[in-house]
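Just target-v5.txt here, compact mmCIF, C-alpha atoms:
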# COMPACT_ATOMS: atom_id res chain seq x y z
CA MET A 1 22.21 -13.74 0.65
CA VAL A 2 22.04 -9.93 0.82
CA ARG A 3 23.21 -9.54 -2.77
CA HIS A 4 20.35 -11.75 -3.91
CA LEU A 5 17.72 -9.81 -1.95
CA LEU A 6 18.73 -6.21 -2.62
CA PRO A 7 17.50 -6.20 -6.25
CA LEU A 8 14.22 -7.70 -5.02
CA ALA A 9 13.73 -5.32 -2.09
CA ALA A 10 11.06 -3.25 -3.85
CA LEU A 11 9.03 -6.33 -4.78
CA LEU A 12 9.27 -7.77 -1.27
CA MET A 13 8.31 -4.41 0.25
CA GLY A 14 5.29 -4.15 -2.00
CA SER A 15 4.26 -7.68 -1.09
CA GLY A 16 4.66 -6.84 2.60
CA PHE A 17 2.29 -3.88 2.33
CA LEU A 18 -0.15 -6.01 0.34
CA PHE A 19 -0.30 -8.76 2.96
CA PHE A 20 -0.37 -6.22 5.82
CA ALA A 21 -3.47 -4.59 4.37
CA GLY A 22 -5.03 -7.96 3.51
CA GLY A 23 -4.47 -9.33 7.01
CA MET A 24 -5.93 -6.24 8.67
CA ASN A 25 -8.97 -6.13 6.40
CA ALA A 26 -9.67 -9.85 6.79
CA LEU A 27 -9.92 -9.51 10.58
CA LEU A 28 -11.50 -6.05 10.69
CA LEU A 29 -14.57 -6.87 8.61
CA PRO A 30 -15.95 -9.80 10.67
CA VAL A 31 -15.19 -7.98 13.93
CA ARG A 32 -16.84 -4.76 12.80
CA GLY A 33 -19.68 -6.66 11.15
CA GLY A 34 -20.43 -8.39 14.44
CA GLN A 35 -20.46 -5.02 16.18
CA GLU A 36 -22.88 -3.70 13.57
CA GLY A 37 -25.24 -6.62 14.21
CA PHE A 38 -24.68 -8.54 10.98
CA SER A 39 -25.97 -12.12 11.11
CA THR A 40 -23.43 -14.95 11.20
CA LEU A 41 -24.74 -16.04 7.81
CA SER A 42 -23.88 -12.61 6.41
CA LEU A 43 -20.45 -12.75 8.01
CA GLY A 44 -19.89 -16.20 6.53
CA LEU A 45 -20.78 -14.82 3.12
CA LEU A 46 -17.80 -12.47 3.46
CA GLY A 47 -15.56 -15.53 3.29
CA THR A 48 -17.54 -16.95 0.39
CA GLY A 49 -17.18 -13.66 -1.47
CA TRP A 50 -13.43 -13.55 -0.83
CA ALA A 51 -12.93 -17.12 -2.06
CA PHE A 52 -15.01 -16.54 -5.18
CA GLY A 53 -13.08 -13.39 -5.99
CA PHE A 54 -9.73 -15.03 -5.26
CA VAL A 55 -10.37 -18.00 -7.56
CA THR A 56 -11.68 -15.68 -10.27
CA GLY A 57 -8.58 -13.52 -9.95
CA CYS A 58 -6.32 -16.52 -10.43
CA LEU A 59 -8.18 -17.32 -13.65
CA VAL A 60 -8.63 -13.85 -15.14
CA VAL A 61 -5.77 -11.53 -14.16
CA SER A 62 -3.26 -13.16 -16.52
CA LYS A 63 -5.30 -11.84 -19.44
CA LEU A 64 -5.09 -8.30 -18.09
CA VAL A 65 -1.33 -8.63 -17.57
CA ALA A 66 -0.93 -9.86 -21.15
CA ARG A 67 -2.70 -6.74 -22.43
CA VAL A 68 -1.28 -3.92 -20.29
CA GLY A 69 1.75 -5.34 -18.48
CA HIS A 70 2.71 -6.08 -14.89
CA ILE A 71 3.09 -2.57 -13.45
CA ARG A 72 -0.21 -1.23 -14.77
CA SER A 73 -2.08 -4.40 -13.78
CA TYR A 74 -0.60 -4.33 -10.30
CA SER A 75 -1.53 -0.67 -9.91
CA VAL A 76 -5.12 -1.46 -10.90
CA MET A 77 -5.31 -4.30 -8.38
CA ALA A 78 -3.93 -2.18 -5.52
CA ALA A 79 -6.16 0.80 -6.35
CA LEU A 80 -9.33 -1.32 -6.53
CA ALA A 81 -8.47 -3.11 -3.29
CA SER A 82 -8.00 0.26 -1.55
CA LEU A 83 -11.31 1.47 -3.00
CA ALA A 84 -13.08 -1.67 -1.75
CA VAL A 85 -11.88 -1.06 1.82
CA LEU A 86 -12.94 2.59 1.84
CA THR A 87 -16.31 1.81 0.29
CA SER A 88 -16.89 -0.77 3.04
CA LEU A 89 -16.51 2.06 5.54
CA LEU A 90 -19.09 4.18 3.71
CA LEU A 91 -21.63 1.37 3.20
CA LEU A 92 -22.03 -0.51 6.48
CA THR A 93 -24.29 -3.24 5.17
CA PRO A 94 -23.65 -6.88 4.22
CA TYR A 95 -25.34 -6.23 0.87
CA ALA A 96 -22.36 -4.05 -0.02
CA TRP A 97 -19.68 -5.83 1.98
CA VAL A 98 -20.07 -9.25 0.33
CA PRO A 99 -19.45 -8.06 -3.26
CA LEU A 100 -16.75 -5.68 -2.02
CA ARG A 101 -15.07 -8.60 -0.27
CA ALA A 102 -15.21 -10.53 -3.55
CA LEU A 103 -13.54 -7.58 -5.26
CA SER A 104 -10.84 -7.60 -2.56
CA GLY A 105 -10.20 -11.31 -3.11
CA PHE A 106 -9.95 -10.78 -6.86
CA CYS A 107 -7.48 -7.91 -6.48
CA PHE A 108 -5.42 -9.67 -3.82
CA ALA A 109 -5.02 -12.79 -5.96
CA GLY A 110 -4.07 -10.75 -9.00
CA ALA A 111 -1.55 -8.60 -7.15
CA ALA A 112 0.05 -11.62 -5.46
CA MET A 113 0.37 -13.46 -8.78
CA ILE A 114 2.04 -10.46 -10.40
CA VAL A 115 4.59 -10.10 -7.60
CA GLU A 116 5.32 -13.83 -7.61
CA SER A 117 5.79 -13.96 -11.37
CA TRP A 118 8.12 -10.97 -11.10
CA LEU A 119 10.17 -12.64 -8.39
CA ASN A 120 10.21 -15.88 -10.34
CA GLU A 121 12.04 -14.27 -13.24
CA GLN A 122 14.47 -12.31 -11.07
CA VAL A 123 15.92 -15.24 -9.08
CA ASP A 124 18.22 -18.02 -10.20
CA SER A 125 18.18 -21.68 -9.20
CA ASP A 126 20.92 -21.24 -6.58
CA SER A 127 19.08 -18.57 -4.60
CA ARG A 128 15.47 -19.60 -5.30
CA GLY A 129 14.92 -21.52 -2.06
CA LYS A 130 16.28 -18.70 0.11
CA VAL A 131 14.33 -16.01 -1.70
CA PHE A 132 11.12 -18.04 -1.50
CA GLY A 133 11.68 -18.53 2.24
CA VAL A 134 12.18 -14.78 2.74
CA TYR A 135 9.07 -14.07 0.64
CA GLN A 136 6.98 -16.41 2.80
CA MET A 137 8.41 -14.91 6.00
CA VAL A 138 7.68 -11.34 4.86
CA ASN A 139 4.10 -12.24 3.99
CA LEU A 140 3.43 -14.15 7.21
CA THR A 141 4.95 -11.40 9.36
CA SER A 142 3.06 -8.67 7.52
CA THR A 143 -0.28 -10.49 7.77
CA THR A 144 0.18 -11.05 11.50
CA ALA A 145 1.23 -7.42 12.04
CA GLY A 146 -1.89 -6.20 10.27
CA GLN A 147 -4.10 -8.38 12.46
CA LEU A 148 -2.39 -7.53 15.74
CA LEU A 149 -2.51 -3.80 14.99
CA LEU A 150 -6.25 -3.95 15.60
CA THR A 151 -5.54 -4.37 19.30
CA LEU A 152 -4.26 -0.79 19.49
CA GLY A 153 -7.51 1.05 18.77
CA ASP A 154 -11.29 0.99 18.48
CA THR A 155 -12.61 -1.09 15.59
CA ARG A 156 -15.91 0.83 15.72
CA GLY A 157 -14.33 3.90 14.13
CA TYR A 158 -12.87 4.66 10.72
CA LEU A 159 -9.16 4.42 11.61
CA PHE A 160 -8.41 0.84 10.63
CA PHE A 161 -10.34 1.05 7.36
CA VAL A 162 -8.16 4.01 6.41
CA VAL A 163 -4.95 2.28 7.52
CA ALA A 164 -5.82 -0.84 5.48
CA ALA A 165 -6.57 1.30 2.43
CA MET A 166 -3.24 3.09 2.94
CA GLY A 167 -1.49 -0.30 3.04
CA TYR A 168 -2.93 -1.24 -0.35
CA SER A 169 -1.95 2.15 -1.77
CA LEU A 170 1.59 1.87 -0.40
CA ALA A 171 1.85 -1.61 -1.96
CA LEU A 172 1.89 -0.18 -5.47
CA ILE A 173 4.66 2.40 -4.90
CA PRO A 174 7.70 0.05 -4.63
CA THR A 175 6.79 -1.79 -7.83
CA ALA A 176 5.99 1.42 -9.69
CA VAL A 177 9.46 2.87 -9.02
CA SER A 178 11.39 -0.40 -9.19
CA SER A 179 14.22 -0.57 -11.72
CA SER A 180 13.85 -4.36 -12.05
CA ARG A 181 12.85 -5.39 -15.54
CA ALA A 182 9.29 -6.53 -15.97
CA PRO A 183 8.91 -10.27 -16.62
CA LYS A 184 7.28 -11.88 -19.59
CA PRO A 185 3.46 -11.94 -19.73
CA LEU A 186 1.82 -14.66 -17.69
CA VAL A 187 1.50 -17.85 -19.70
CA ALA A 188 -1.67 -19.93 -19.66
CA THR A 189 -1.62 -23.72 -19.63
CA LYS A 190 -4.38 -26.31 -19.54
CA LEU A 191 -5.20 -28.46 -16.55
CA ASN A 192 -6.96 -31.81 -16.69
CA LEU A 193 -8.78 -32.43 -13.40
CA LYS A 194 -9.52 -36.02 -14.35
CA GLU A 195 -5.81 -36.62 -14.59
CA LEU A 196 -5.41 -35.06 -11.14
CA TRP A 197 -8.04 -37.41 -9.72
CA VAL A 198 -6.30 -40.46 -11.18
CA ASN A 199 -3.01 -39.18 -9.80
CA SER A 200 -4.20 -38.72 -6.19
CA PRO A 201 -7.85 -39.10 -5.14
CA VAL A 202 -7.01 -38.58 -1.46
CA ALA A 203 -5.44 -35.19 -2.23
CA VAL A 204 -8.43 -34.11 -4.33
CA VAL A 205 -10.98 -35.01 -1.65
CA SER A 206 -8.85 -33.64 1.18
CA VAL A 207 -8.17 -30.22 -0.32
CA VAL A 208 -11.85 -29.61 -1.08
CA LEU A 209 -12.77 -30.45 2.52
CA LEU A 210 -9.82 -28.47 3.88
CA GLY A 211 -10.81 -25.49 1.76
CA ALA A 212 -14.19 -25.54 3.48
CA SER A 213 -12.66 -26.00 6.93
CA ASN A 214 -9.81 -23.51 6.67
CA SER A 215 -11.86 -20.76 5.08
CA ALA A 216 -14.64 -21.21 7.63
CA PHE A 217 -12.15 -20.76 10.45
CA GLY A 218 -10.29 -17.95 8.68
CA THR A 219 -13.52 -16.02 8.15
CA LEU A 220 -15.44 -16.71 11.36
CA ALA A 221 -12.80 -17.38 14.03
CA ALA A 222 -12.93 -13.72 15.04
CA VAL A 223 -16.73 -13.88 15.22
CA TYR A 224 -16.56 -17.01 17.39
CA ALA A 225 -14.01 -15.42 19.71
CA ALA A 226 -16.06 -12.24 20.08
CA GLN A 227 -19.28 -14.19 20.73
CA VAL A 228 -17.70 -16.20 23.54
CA GLY A 229 -16.54 -13.02 25.21
CA LEU A 230 -12.88 -12.52 24.29
CA PRO A 231 -11.69 -8.88 24.15
CA ILE A 232 -10.36 -7.57 20.84
CA SER A 233 -6.74 -8.05 21.97
CA LEU A 234 -7.34 -11.77 22.48
CA VAL A 235 -9.54 -12.03 19.37
CA ALA A 236 -6.54 -10.95 17.30
CA LEU A 237 -4.32 -13.52 19.05
CA PHE A 238 -6.97 -16.21 18.60
CA VAL A 239 -6.89 -15.60 14.83
CA ALA A 240 -3.16 -14.97 14.33
CA MET A 241 -1.48 -17.50 16.61
CA PRO A 242 -2.76 -20.67 14.89
CA VAL A 243 -1.13 -19.63 11.61
CA LEU A 244 2.16 -18.84 13.33
CA ALA A 245 2.08 -22.14 15.23
CA SER A 246 1.48 -24.07 12.01
CA ALA A 247 4.41 -22.33 10.33
CA VAL A 248 6.67 -23.70 13.09
CA ILE A 249 5.30 -27.24 13.27
CA GLN A 250 5.20 -27.77 9.51
CA VAL A 251 8.97 -28.20 9.36
CA PRO A 252 9.22 -31.25 11.68
CA VAL A 253 5.92 -32.70 10.46
CA GLY A 254 7.07 -32.34 6.87
CA ALA A 255 10.38 -34.03 7.67
CA ILE A 256 8.50 -36.99 9.18
CA SER A 257 6.21 -37.22 6.16
CA ASP A 258 9.25 -37.38 3.87
CA ARG A 259 10.23 -40.64 5.60
CA VAL A 260 6.90 -42.42 6.08
CA ASP A 261 3.66 -42.72 4.15
CA ARG A 262 2.29 -39.16 4.16
CA ARG A 263 -1.23 -40.47 4.52
CA TYR A 264 -0.45 -41.73 8.02
CA VAL A 265 0.79 -38.26 8.92
CA MET A 266 -2.40 -36.81 7.45
CA ILE A 267 -4.40 -39.18 9.65
CA GLY A 268 -2.49 -37.94 12.70
CA MET A 269 -3.15 -34.29 11.83
CA ALA A 270 -6.81 -35.02 11.09
CA LEU A 271 -7.17 -36.67 14.51
CA LEU A 272 -5.57 -33.62 16.14
CA ALA A 273 -8.00 -31.35 14.30
CA ILE A 274 -10.95 -33.52 15.36
CA LEU A 275 -9.79 -33.39 18.98
CA ALA A 276 -9.66 -29.59 18.81
CA ASP A 277 -13.12 -29.52 17.19
CA ILE A 278 -14.57 -31.62 20.01
CA LEU A 279 -12.92 -29.49 22.68
CA PHE A 280 -14.35 -26.32 21.16
CA ILE A 281 -17.82 -27.88 20.96
CA THR A 282 -17.97 -29.52 24.39
CA TYR A 283 -16.15 -27.12 26.71
CA VAL A 284 -18.67 -24.76 28.28
CA ASP A 285 -17.30 -21.31 29.17
CA PRO A 286 -13.60 -22.23 28.91
CA SER A 287 -10.96 -19.76 30.03
CA PRO A 288 -9.26 -17.49 27.48
CA GLU A 289 -6.04 -19.45 27.99
CA LEU A 290 -7.79 -22.70 27.09
CA LEU A 291 -9.39 -21.15 24.02
CA ILE A 292 -6.02 -19.92 22.77
CA GLY A 293 -4.57 -23.38 23.46
CA PHE A 294 -7.38 -25.05 21.52
CA ALA A 295 -6.83 -22.60 18.66
CA LEU A 296 -3.10 -23.41 18.56
CA MET A 297 -3.88 -27.13 18.37
CA PHE A 298 -6.50 -26.50 15.71
CA GLY A 299 -4.22 -24.31 13.58
CA MET A 300 -1.27 -26.68 13.76
CA ALA A 301 -3.50 -29.41 12.36
CA ILE A 302 -5.58 -27.70 9.68
CA PHE A 303 -2.85 -25.50 8.20
CA THR A 304 -0.46 -28.46 7.99
CA LEU A 305 -2.91 -30.81 6.28
CA PHE A 306 -3.00 -28.86 3.02
CA PRO A 307 0.76 -28.93 2.26
CA LEU A 308 0.74 -32.62 3.25
CA ALA A 309 -1.98 -33.28 0.68
CA VAL A 310 -0.07 -31.34 -2.00
CA ALA A 311 3.16 -33.19 -1.22
CA HIS A 312 1.32 -36.52 -1.40
CA ALA A 313 -0.09 -35.60 -4.82
CA ASN A 314 3.34 -34.54 -6.06
CA ASP A 315 4.75 -37.89 -4.91
CA HIS A 316 2.60 -39.48 -7.61
CA ALA A 317 3.13 -36.77 -10.23
CA SER A 318 5.87 -36.46 -12.84
CA PRO A 319 8.44 -33.68 -12.17
CA ASP A 320 7.21 -31.59 -15.10
CA SER A 321 3.67 -31.52 -13.69
CA PHE A 322 4.35 -30.34 -10.12
CA VAL A 323 3.11 -26.81 -10.78
CA ARG A 324 0.09 -28.08 -12.68
CA THR A 325 -0.73 -30.46 -9.83
CA SER A 326 -0.34 -27.83 -7.12
CA GLY A 327 -2.37 -25.35 -9.14
CA GLY A 328 -5.20 -27.81 -9.59
CA LEU A 329 -5.31 -28.53 -5.88
CA LEU A 330 -5.34 -24.81 -5.11
CA LEU A 331 -8.29 -24.39 -7.45
CA LEU A 332 -10.15 -27.18 -5.67
CA PHE A 333 -9.21 -25.66 -2.31
CA GLY A 334 -10.71 -22.39 -3.52
CA LEU A 335 -13.94 -24.10 -4.53
CA GLY A 336 -14.21 -25.64 -1.07
CA SER A 337 -13.49 -22.20 0.39
CA ILE A 338 -16.59 -20.82 -1.29
CA VAL A 339 -18.84 -23.30 0.53
CA GLY A 340 -17.19 -23.49 3.97
CA PRO A 341 -17.88 -20.00 5.39
CA LEU A 342 -21.47 -20.10 4.16
CA ALA A 343 -22.14 -23.45 5.85
CA ALA A 344 -20.37 -22.40 9.06
CA GLY A 345 -22.21 -19.07 9.18
CA ALA A 346 -25.55 -20.85 8.86
CA ALA A 347 -24.55 -23.37 11.56
CA MET A 348 -23.50 -20.59 13.96
CA GLY A 349 -26.85 -18.91 13.42
CA GLN A 350 -28.61 -22.16 14.27
CA PHE A 351 -26.43 -23.58 17.07
CA GLY A 352 -24.46 -20.62 18.37
CA PRO A 353 -20.68 -20.09 18.27
CA SER A 354 -19.90 -23.82 18.44
CA GLY A 355 -21.64 -24.28 15.08
CA LEU A 356 -18.38 -23.22 13.44
CA PHE A 357 -16.60 -26.27 14.81
CA MET A 358 -19.51 -28.59 14.08
CA VAL A 359 -18.93 -27.83 10.41
CA THR A 360 -15.15 -28.22 10.64
CA LEU A 361 -15.61 -31.48 12.56
CA VAL A 362 -17.54 -32.91 9.62
CA THR A 363 -14.84 -31.89 7.14
CA HIS A 364 -12.00 -33.26 9.25
CA ALA A 365 -13.85 -36.53 9.80
CA GLY A 366 -14.23 -36.73 6.03
CA VAL A 367 -10.49 -36.28 5.52
CA LEU A 368 -9.76 -38.93 8.15
CA LEU A 369 -12.15 -41.56 6.83
CA TYR A 370 -11.30 -41.12 3.16
CA THR A 371 -7.58 -41.22 3.84
CA ILE A 372 -7.98 -44.45 5.79
CA TYR A 373 -10.00 -45.88 2.92
CA ARG A 374 -7.36 -44.92 0.34
CA ILE A 375 -4.59 -46.57 2.37
CA SER A 376 -6.46 -49.83 1.91
CA ARG A 377 -6.62 -49.27 -1.85
CA ARG A 378 -3.13 -48.08 -2.77
CA ALA A 379 0.39 -48.71 -1.54
CA GLY A 380 2.53 -45.86 -0.27
CA VAL A 381 5.43 -44.26 -2.15
CA ALA A 382 8.96 -45.32 -1.20
CA PRO A 383 10.88 -42.58 0.69
CA ASP A 384 13.57 -42.31 -1.99
CA GLU A 385 10.90 -41.67 -4.65
CA LYS A 386 9.18 -38.84 -2.80
CA THR A 387 9.32 -35.11 -3.43
CA HIS A 388 10.35 -32.89 -0.54
CA PHE A 389 7.63 -31.42 1.65
CA ALA A 390 7.15 -27.67 1.04
CA PRO A 391 5.74 -25.64 3.98
CA THR A 392 2.74 -23.44 3.17
CA PRO A 393 1.68 -21.17 6.08
CA THR A 394 -1.82 -20.59 4.70
CA ALA A 395 -3.37 -21.76 1.46
CA ARG A 396 -6.07 -19.07 1.43
CA ASN A 397 -3.53 -16.54 0.15
CA THR A 398 -1.60 -18.93 -2.08
CA THR A 399 -1.93 -18.72 -5.87
CA PRO A 400 -0.85 -21.15 -8.61
CA GLN A 401 2.02 -18.74 -9.25
CA THR A 402 3.37 -19.47 -5.75
CA SER A 403 4.15 -23.00 -6.88
CA ALA A 404 5.92 -21.68 -9.97
CA LEU A 405 8.02 -19.38 -7.77
CA ARG A 406 8.95 -22.27 -5.48
CA THR A 407 10.02 -24.59 -8.30
CA GLY A 408 11.21 -22.14 -10.95
CA ASP A 409 8.77 -23.52 -13.50
CA ASP A 410 7.98 -21.33 -16.51
CA VAL A 411 4.24 -21.96 -16.16
CA TYR A 412 2.84 -18.80 -14.61
CA PHE A 413 -0.91 -19.30 -14.88
CA ILE A 414 -3.09 -22.33 -14.55
CA GLU A 415 -6.44 -22.44 -16.24
CA ASP A 416 -9.10 -24.98 -15.35
CA GLU A 417 -10.12 -27.46 -18.02
CA ILE A 418 -12.15 -30.55 -17.23
CA ASN A 419 -11.67 -33.22 -19.86

Once you've parsed the file, please lay out its structure as structure tokens.
Amino acid sequence: MVRHLLPLAALLMGSGFLFFAGGMNALLLPVRGGQEGFSTLSLGLLGTGWAFGFVTGCLVVSKLVARVGHIRSYSVMAALASLAVLTSLLLLTPYAWVPLRALSGFCFAGAAMIVESWLNEQVDSDSRGKVFGVYQMVNLTSTTAGQLLLTLGDTRGYLFFVVAAMGYSLALIPTAVSSSRAPKPLVATKLNLKELWVNSPVAVVSVVLLGASNSAFGTLAAVYAAQVGLPISLVALFVAMPVLASAVIQVPVGAISDRVDRRYVMIGMALLAILADILFITYVDPSPELLIGFALMFGMAIFTLFPLAVAHANDHASPDSFVRTSGGLLLLFGLGSIVGPLAAGAAMGQFGPSGLFMVTLVTHAGVLLYTIYRISRRAGVAPDEKTHFAPTPTARNTTPQTSALRTGDDVYFIEDEIN
């Protein structure tokens, strides 16, 4: 195992710094924005900006890589992301933060795709699964570390903006000095969304709704926690723990879904999410322990539903279209992510903190009802004809290239084309 990882150490280190800075910045901005008196609608727009930039990055960065190469493109992404963080410190207004957050999403997507394409070419089929698992672990650990670091200081100052900018700057050093050969330019391929709909309508509908739900929570969970009175130390736990809990539960849930109709498992997770939504909405002044417990339940459900939907779609796809299928669903997830934070921010402005979970309740009810409907319209796939479930800790930071890294496919970039 060590001999496989040593040549990739620089790439993994750079990815770790990237996700550390991204995790810190994602939590810092809504917390600091709330302290500055930004409206919940403005804070929701931060998530909309990130999602728009992230989707755009997935579609555009391959062209830059084709022109100037991986190392130069990665350096540009890291430098611009660092600049966006520092400019957010200088311009404490949502009018600047929203486009800067979009720039951050664009750069993060581009940098992640470059690292993943690099890793994809460096690993062989025998070590791919282990390397991908280490890559996911590094990213999850780094993101959580960046979020939890906020508990050690005052978010009203400049310190954490500077530390996040330093993280982005440090991310470019390992790749710049790496002796690993640069991979081939990212390759573009066409995607037919109509074909994806015919393949799996329940996956298409679910990932759009989950994009809205997950991005709303990812953007505004810290705002909710602060508004209900949690200190910053517990705000960080409220945001970070659900992702960690989902990373643990996805393994047994995925194993179950490999043996039964995945749609029944999706129904179970949707019901769990709805229960958490209702608890958040109806409990008046719950204790911090209860809030953390609700968040764990919520995270285990919503962050597991997306990989279940992807696995269900791949069950109906041909082996040579797995990456294309996953990439299409990620694109749809990103489109839902643009709408979710905006709707949740508006609802929180109208109904208070619980407005966040009113919006997510609607999306989870939609997943539940449409999945039930599709069960009545289409038979399930036999267990021996299924693909294996692939855990995905959080889809918000997952690019189409992640699927290529997991499978070893030569398709590095997925471009949207509606036929």

Could you give me the axis-aligned bounding box of range 163-168 of chain A, with 5 Å of padding per side, as centre plus edge lengths in Å to one decimal, as JSON?
{"center_x": -4.0, "center_y": 0.9, "center_z": 3.6, "size_x": 15.1, "size_y": 14.3, "size_z": 17.9}

inquiry  = Can you measure CA of Met269 in chain A to CA of Trp50 in chain A for me? One decimal in Å is fine.
reply    =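 It comes out at 26.4 Å.
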
query = Which of these residues is nearest to Thr392 in chain A, using only C-alpha atoms: A:Ala365, A:Ala164, A:Leu193, A:Met137?
reply = A:Met137

task = Would you mind listing what lies within 8 Å of range 149-159 of chain A as an MDAnalysis selection string, with all atoms listed in the file counted and same-chain residues fewer than 4 positions away left out?
result = chainID A and resid 24 28 31:32 35 89 145 163 232:233 236

task = Give me the residues within 12 Å of range 258-263 of chain A as a PyMOL selection string, counting all atoms listed in the file and dropping any in the same chain fewer than 3 places off.
result = chain A and resi 200-203+206+250-255+266-270+304-316+367-376+378-390

Shortest interatomic distance to Pro99 in chain A - which of A:Pro353, A:Gly16, A:Gly49, A:Gly22, counting all atoms listed in the file = A:Gly49

request  = Using all atoms listed in the file, find the one residue out of A:Thr399, A:Ser326, A:Thr40, A:Thr175 that sits nearest to His70 in chain A.
outcome  =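 Among the listed residues, A:Thr175 lies closest to His70 in chain A.
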
With the cut-off set at 9 Å and counting all atoms listed in the file, tabulate each residue of range 88-132 of chain A with an atom at most that distance from an atom of range 41-44 of chain A, showing the nearest atom pair and its distance in Å to one decimal, ordered by chain and increasing number, as CSV.
residue,atom,partner,partner_atom,distance
A:Pro94,CA,A:Ser42,CA,6.1
A:Tyr95,CA,A:Ser42,CA,8.6
A:Val98,CA,A:Ser42,CA,7.9

query = To one decimal place, how far is CA of Leu296 in chain A from CA of Leu18 in chain A in Å?
reply =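 Those two atoms sit 25.4 Å apart.
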
request  = Just give me the residues with any atom within 10 Å of (-15.2, -5.8, -9.9), file coordinates, counting only C-alpha atoms, written as a list in words.
outcome  =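 Within the cut-off we find Gly53, Leu80, Ala81, Ala84, Pro99, Leu100, Ala102, Leu103, Ser104, Phe106 and Cys107 of chain A.
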
ask   = Hey, can you check how far CA of Ala21 in chain A sits from CA of Leu356 in chain A?
value = 25.5 Å

message = Which polymer residues, whether protein, DNA or RNA, lie within 12 Å of the coordinate (-3.4, -14.7, -6.8) when you count all atoms listed in the file? List them as a PyMOL selection string, using the chain letters and numbers from the file.
response = chain A and resi 15+18-19+50-62+74+77+104-117+327+330-331+334+395-403+412-414

key: Which residue of A:Pro30, A:Gly336, A:Gly349, A:Pro391 approaches Thr93 in chain A most closely, using all atoms listed in the file   =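 Result for the nearest residue to Thr93 in chain A: A:Pro30.
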
query = Which of these, A:Leu272, A:Val265, A:Ala295, A:Val134, has the shortest distance to Leu244 in chain A once you count only C-alpha atoms?
reply = A:Ala295

Closest of A:Leu329, A:Val131, A:Ile292, A:Val177 to Leu12 in chain A - atom-to-atom distances counting only C-alpha atoms =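 The shortest atom-to-atom distance to Leu12 in chain A comes from A:Val131.
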